[in-house]
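As provided, model09.txt (compact mmCIF, C-alpha atoms) reads as follows.
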```txt
# COMPACT_ATOMS: atom_id res chain seq x y z
CA MET H 1 -43.86 -41.37 53.60
CA ASN H 2 -46.44 -42.89 51.25
CA ALA H 3 -47.73 -41.31 48.07
CA GLU H 4 -50.94 -39.93 49.63
CA LYS H 5 -49.02 -38.05 52.36
CA ILE H 6 -46.57 -36.65 49.82
CA PHE H 7 -49.49 -35.44 47.72
CA ASP H 8 -51.13 -33.81 50.78
CA VAL H 9 -47.91 -31.99 51.70
CA MET H 10 -47.52 -30.70 48.18
CA GLU H 11 -51.10 -29.42 48.18
CA ASN H 12 -50.40 -27.41 51.34
CA ILE H 13 -47.24 -25.70 49.94
CA ASP H 14 -47.80 -21.98 49.49
CA GLU H 15 -48.05 -21.17 45.78
CA GLN H 16 -45.85 -18.10 46.35
CA TYR H 17 -42.94 -20.37 47.31
CA ILE H 18 -43.31 -22.22 44.03
CA ILE H 19 -43.34 -18.97 42.05
CA GLU H 20 -40.25 -17.64 43.88
CA ALA H 21 -38.37 -20.88 43.31
CA HIS H 22 -39.20 -20.79 39.64
CA GLN H 23 -38.07 -17.17 39.36
CA LYS H 24 -34.75 -17.94 41.07
CA ASN H 25 -34.16 -20.82 38.66
CA VAL H 26 -34.92 -18.58 35.66
CA ILE H 27 -32.57 -15.87 36.96
CA LYS H 28 -29.86 -18.46 37.55
CA ASN H 29 -30.24 -19.77 34.01
CA LYS H 30 -30.21 -16.23 32.63
CA LYS H 31 -26.98 -15.49 34.48
CA LYS H 32 -25.40 -18.58 32.93
CA THR H 33 -26.59 -17.53 29.47
CA ILE H 34 -25.30 -13.96 29.91
CA ARG H 35 -21.97 -15.30 31.14
CA LYS H 36 -21.68 -17.46 28.01
CA ILE H 37 -22.53 -14.50 25.78
CA VAL H 38 -19.92 -12.30 27.48
CA VAL H 39 -17.24 -14.99 27.10
CA PHE H 40 -18.13 -15.49 23.43
CA ALA H 41 -18.07 -11.72 22.79
CA ALA H 42 -14.66 -11.41 24.45
CA CYS H 43 -13.24 -14.25 22.36
CA PHE H 44 -14.71 -12.79 19.18
CA SER H 45 -13.24 -9.36 19.98
CA LEU H 46 -9.84 -10.95 20.56
CA ILE H 47 -9.98 -12.70 17.19
CA ILE H 48 -10.89 -9.43 15.46
CA SER H 49 -8.08 -7.60 17.25
CA ILE H 50 -5.49 -10.20 16.25
CA THR H 51 -6.71 -10.12 12.66
CA ALA H 52 -6.46 -6.34 12.62
CA VAL H 53 -2.91 -6.38 13.96
CA VAL H 54 -1.80 -8.95 11.39
CA GLY H 55 -3.51 -6.93 8.67
CA ILE H 56 -1.61 -3.78 9.64
CA GLY H 57 1.72 -5.55 9.23
CA ILE H 58 1.50 -5.92 5.45
CA LYS H 59 -0.54 -3.68 3.20
CA ARG H 60 -1.67 -4.88 -0.19
CA ASN H 61 -2.38 -2.18 -2.68
CA SER H 62 -5.42 -1.91 -4.91
CA THR H 63 -5.29 -3.17 -8.49
CA CYS H 64 -2.80 -1.24 -10.59
CA THR H 65 -5.17 -0.91 -13.54
CA VAL H 66 -7.63 1.03 -11.40
CA SER H 67 -4.81 3.01 -9.80
CA ALA H 68 -3.33 3.96 -13.17
CA ALA H 69 -6.63 5.33 -14.45
CA GLU H 70 -7.38 7.19 -11.22
CA ILE H 71 -3.90 8.65 -10.73
CA GLY H 72 -3.73 9.64 -14.38
CA LYS H 73 -6.41 12.24 -13.69
CA GLU H 74 -4.48 13.86 -10.84
CA GLU H 75 -2.39 16.99 -11.25
CA VAL H 76 1.41 16.77 -11.23
CA GLN H 77 3.17 19.19 -8.89
CA LEU H 78 5.77 20.71 -11.20
CA GLU H 79 9.28 21.93 -10.40
CA ALA H 80 10.22 20.98 -6.80
CA THR H 81 8.25 17.73 -6.60
CA MET H 82 8.71 16.41 -10.12
CA PRO H 83 8.89 12.59 -10.42
CA SER H 84 12.25 10.80 -10.21
CA ILE H 85 13.49 7.58 -11.81
CA ILE H 86 15.21 5.29 -9.28
CA TYR H 87 15.50 1.96 -11.12
CA TYR H 88 15.68 0.54 -14.62
CA ASP H 89 16.21 -2.83 -16.27
CA GLN H 90 14.98 -4.43 -19.49
CA ASP H 91 11.69 -5.32 -17.84
CA LYS H 92 10.71 -2.37 -15.68
CA VAL H 93 11.12 1.22 -14.58
CA ILE H 94 10.56 2.34 -10.99
CA MET H 95 9.71 5.98 -10.29
CA TYR H 96 8.40 8.05 -7.39
CA ASP H 97 7.28 11.47 -6.30
CA TYR H 98 5.39 12.81 -3.30
CA ILE H 99 2.26 10.69 -3.97
CA GLY H 100 4.12 7.38 -3.99
CA ILE H 101 6.11 4.77 -5.90
CA TRP H 102 5.05 3.26 -9.19
CA VAL H 103 6.41 0.31 -11.16
CA TYR H 104 5.95 0.15 -14.92
CA ASN H 105 6.50 -3.07 -16.88
CA LEU H 106 8.08 -2.17 -20.22
CA LYS H 107 7.28 -5.51 -21.87
CA LYS H 108 3.65 -5.64 -20.78
CA GLU H 109 3.36 -1.87 -21.22
CA LYS H 110 1.34 -1.37 -18.08
CA LEU H 111 1.59 -0.28 -14.47
CA VAL H 112 2.19 -3.36 -12.32
CA GLY H 113 2.74 -1.76 -8.92
CA PHE H 114 1.80 1.34 -6.97
CA CYS H 115 2.60 2.24 -3.37
CA ASP H 116 0.58 5.23 -2.17
CA PHE H 117 2.40 7.49 0.32
CA ARG H 118 -0.66 9.55 1.23
CA PRO H 119 -2.49 7.18 3.61
CA ILE H 120 0.69 6.67 5.66
CA ASP H 121 1.79 10.32 5.82
CA MET H 122 5.01 9.88 3.82
CA THR H 123 4.46 12.62 1.24
CA GLN H 124 7.03 15.12 2.52
CA ILE H 125 9.95 14.66 0.12
CA GLN H 126 11.33 18.10 0.96
CA GLY H 127 12.01 19.95 4.21
CA TYR H 128 12.72 18.23 7.51
CA PRO H 129 12.15 15.49 8.21
CA CYS H 130 11.91 14.58 4.55
CA VAL H 131 11.28 11.18 3.00
CA PHE H 132 14.12 9.39 1.22
CA VAL H 133 13.27 6.78 -1.43
CA GLU H 134 15.77 4.24 -2.78
CA ALA H 135 15.57 1.08 -4.88
CA SER H 136 17.66 -1.96 -4.04
CA SER H 137 20.40 -2.87 -6.53
CA ASP H 138 18.37 -5.84 -7.81
CA GLY H 139 15.13 -3.86 -8.16
CA ARG H 140 13.16 -6.20 -5.92
CA TYR H 141 12.60 -3.74 -3.09
CA VAL H 142 12.21 -0.03 -2.47
CA ARG H 143 12.88 1.47 0.93
CA PHE H 144 11.38 4.77 1.98
CA TYR H 145 12.01 6.39 5.32
CA LYS H 146 12.03 9.73 7.13
CA SER H 147 15.38 11.47 7.38
CA ASP H 148 15.18 11.61 11.17
CA GLY H 149 14.92 7.82 11.32
CA SER H 150 11.51 7.88 13.01
CA VAL H 151 9.64 5.83 10.38
CA LYS H 152 10.86 3.17 7.94
CA PHE H 153 8.95 1.24 5.29
CA LEU H 154 9.89 -1.50 2.83
CA TYR H 155 8.03 -1.98 -0.45
CA ASN H 156 8.14 -5.40 -2.12
CA VAL H 157 8.11 -4.71 -5.85
CA GLU H 158 7.17 -8.23 -6.99
CA LYS H 159 4.34 -8.67 -4.48
CA ASP H 160 3.19 -5.03 -4.65
CA THR H 161 3.02 -4.85 -0.84
CA TYR H 162 4.67 -2.71 1.80
CA LYS H 163 5.25 -2.90 5.54
CA GLU H 164 6.73 -0.82 8.31
CA VAL H 165 10.09 -2.11 9.56
CA LYS H 166 12.52 -1.33 12.37
CA SER H 167 15.59 -1.82 10.17
CA TYR H 168 16.55 -2.98 6.69
CA ASP H 169 18.07 -6.33 5.81
CA LYS H 170 21.83 -5.87 5.61
CA LYS H 171 21.98 -8.47 2.84
CA LEU H 172 20.21 -6.08 0.49
CA LYS H 173 22.40 -3.60 -1.38
CA TRP H 174 21.32 0.03 -1.58
CA PRO H 175 20.80 2.07 -3.63
CA PHE H 176 20.55 1.26 -7.32
CA SER H 177 22.51 3.91 -9.22
CA LEU H 178 21.84 5.49 -12.61
CA LYS H 179 24.52 7.25 -14.65
CA ASP H 180 23.44 10.84 -15.24
CA VAL H 181 24.72 12.06 -18.63
CA THR H 182 22.41 15.04 -19.03
CA THR H 183 25.23 17.51 -19.55
CA GLN H 184 26.67 15.37 -22.36
CA TYR H 185 23.49 14.04 -23.94
CA SER H 186 19.84 14.84 -23.26
CA ILE H 187 16.65 13.32 -24.63
CA SER H 188 14.20 15.33 -22.50
CA ASP H 189 13.60 18.91 -21.39
CA TYR H 190 11.84 17.79 -18.21
CA SER H 191 14.18 15.30 -16.57
CA GLU H 192 17.71 14.03 -16.34
CA THR H 193 18.94 11.66 -19.03
CA TYR H 194 20.55 8.43 -17.84
CA GLU H 195 22.83 6.14 -19.79
CA VAL H 196 21.64 2.61 -18.96
CA ALA H 197 23.72 0.73 -21.53
CA LYS H 198 25.90 1.44 -24.53
CA LYS H 199 23.94 3.78 -26.82
CA GLU H 200 20.88 3.30 -24.62
CA TYR H 201 19.34 6.17 -22.68
CA LEU H 202 16.44 6.68 -20.29
CA SER H 203 14.43 9.73 -19.27
CA TYR H 204 10.86 10.96 -19.10
CA SER H 205 8.96 13.78 -20.71
CA LEU H 206 5.55 15.44 -20.52
CA ASP H 207 3.07 15.20 -23.36
CA ILE H 208 1.88 18.80 -23.18
CA SER H 209 1.83 21.81 -25.44
CA PRO H 210 4.22 24.63 -24.40
CA ASP H 211 1.43 27.15 -24.91
CA SER H 212 -1.20 25.19 -22.99
CA ASN H 213 -2.63 26.67 -19.80
CA GLU H 214 -4.14 23.36 -18.71
CA ALA H 215 -2.90 21.58 -15.61
CA VAL H 216 -0.32 18.85 -16.18
CA ARG H 217 -1.62 15.47 -15.10
CA TYR H 218 0.01 12.09 -14.55
CA LYS H 219 -1.55 10.78 -17.75
CA ASP H 220 0.73 13.26 -19.57
CA LEU H 221 3.90 11.67 -18.17
CA VAL H 222 5.89 9.75 -20.79
CA ILE H 223 8.80 7.39 -20.11
CA VAL H 224 11.35 7.68 -22.93
CA VAL H 225 13.84 4.93 -23.82
CA GLU H 226 16.28 5.55 -26.65
CA LYS H 227 18.25 2.66 -28.18
CA ASN H 228 20.67 3.27 -31.04
CA GLY H 229 19.02 6.59 -31.80
CA GLN H 230 15.46 5.18 -31.86
CA LYS H 231 13.03 6.40 -29.18
CA THR H 232 10.22 4.37 -27.63
CA GLU H 233 7.65 6.09 -25.45
CA TYR H 234 5.49 4.65 -22.66
CA LYS H 235 2.65 6.22 -20.71
CA PRO H 236 2.42 4.54 -17.29
CA PHE H 237 -0.85 6.20 -16.29
CA VAL H 238 -2.75 5.59 -19.49
CA VAL H 239 -4.52 2.24 -19.49
CA LYS H 240 -4.47 0.50 -22.86
CA ILE H 241 -7.75 -1.09 -23.83
CA THR H 242 -7.19 -4.46 -25.49
CA THR H 243 -9.85 -6.02 -27.71
```
Just dump the structure as structure tokens.
Amino acid sequence: MNAEKIFDVMENIDEQYIIEAHQKNVIKNKKKTIRKIVVFAACFSLIISITAVVGIGIKRNSTCTVSAAEIGKEEVQLEATMPSIIYYDQDKVIMYDYIGIWVYNLKKEKLVGFCDFRPIDMTQIQGYPCVFVEASSDGRYVRFYKSDGSVKFLYNVEKDTYKEVKSYDKKLKWPFSLKDVTTQYSISDYSETYEVAKKEYLSYSLDISPDSNEAVRYKDLVIVVEKNGQKTEYKPFVVKITT
């Protein structure tokens, strides 16, 4: 077929056929585009899901400076839920109560770690099931778990992170123990007194007036260390402003 005949045949083709063919081609291309978008969206969703799962595994806490200032304003629940000291060495003190665990560096004189129990529903330190909190013998970890064994967490003191675990490493030794000498020697009216070395004692107090009707807040909590009869006081929830 020569060029003239081809041209004549093309002139006689119904325009409607051309339009329909074009529309089918457009639809086909659209289907391909939609399919690509769907595949991309699925892959993107998978990436987000994996990232979320990995993120849930280890929780990093907010900066301790901000936490110290914010928590310092909160009210302390006196009597039954008073804070407890669970670890001490020359560098740090680890304490906890129903709101969480906090780590205070004695040399830097500032809060260096805080693990908040409230977002993970671990605030019930009384009743059943209650939450048990224990520091490892080396002070590197704190484990907290429900008494019925349903939930277990491990807090890394150095990294200031925590994660949920199925069991605890058997290589770690639990718990760290403090020698309670309150009945023989006391340096506080608000907490037990612990003998941490020869002629060295540890406790905490509250910087409040006995006649005050104001609520006791975490900023009023004072860690007390006595060495050879000389007391040094630290306020973990009061941020020192350095110039």
Which one of H:Met82, H:Cys130, H:Ala68, H:Val93 sits closest to Asn105 in chain H if you count only C-alpha atoms? H:Val93
Please provide as a list in words all residues within 12 Å of Ser147 in chain H, with the sequence filter that same-chain residues fewer than 2 positions apart are discarded (counting all atoms listed in the file).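 The filter keeps Met122, Gln124, Ile125, Gln126, Gly127, Tyr128, Pro129, Cys130, Val131, Phe132, Val133, Phe144, Tyr145, Gly149, Ser150, Val151 and Lys152 of chain H.
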Given 3 Å on each side, where is the centre and what are the edge lengths in Å to one decimal of the axis-aligned box enclosing the listed atoms of range 194-202 of chain H, as AutoDock Vina command-line options?
```
--center_x 21.2 --center_y 4.6 --center_z -22.3 --size_x 15.5 --size_y 13.7 --size_z 15.0
```
Just the residues within 8 Å of Glu233 in chain H, please, counting all atoms listed in the file, with nothing from its chain fewer than 2 positions along; format it as a PyMOL selection string. chain H and resi 222-225+231+235
If you measure from CA of Tyr88 in chain H to CA of Gly113 in chain H, what distance in Å do you get, rounded to one decimal?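 We find that CA of Tyr88 in chain H and CA of Gly113 in chain H lie 14.3 Å from each other.
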Which residue is closest to Asn228 in chain H? Choose from H:Glu214, H:Glu74, H:Glu200, H:Asp207 and count only C-alpha atoms. H:Glu200
Length of the CA of Leu221 in chain H to CA of Ser205 in chain H vector [Å]: 6.0 Å
In terms of only C-alpha atoms, the residue from H:Asp116, H:Glu109, H:Glu134, H:Glu75 at minimal distance from Asp160 in chain H is H:Asp116
Which distance in Å separates CA of Pro236 in chain H and CA of Val181 in chain H, to one decimal?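 The value is 23.6 Å.
Checking H:Pro175, H:Ser67, H:Tyr234, H:Tyr185 one by one against Lys92 in chain H, counting all atoms listed in the file, you find the shortest gap at H:Tyr234.
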Need the shell around Pro119 in chain H: protein/DNA/RNA residues with any atom at most 12 Å away, counting only C-alpha atoms. Skip same-chain ones fewer than 2 positions apart. Format as a list in words? Lys59, Asn61, Tyr98, Ile99, Gly100, Cys115, Asp116, Phe117, Asp121, Met122 and Thr123 of chain H
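For the choices H:Lys163, H:Ser84, H:Ile71, H:Leu154, the atom-to-atom distance to Ser191 in chain H is smallest for H:Ser84 when using all atoms listed in the file.
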From the set H:Ile94, H:Ile120, H:Leu178, H:Val196, which residue has the shortest atom-to-atom contact distance to Phe153 in chain H, counting all atoms listed in the file?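 Going through H:Ile94, H:Ile120, H:Leu178, H:Val196 one by one, the smallest distance to Phe153 in chain H is for H:Ile120.
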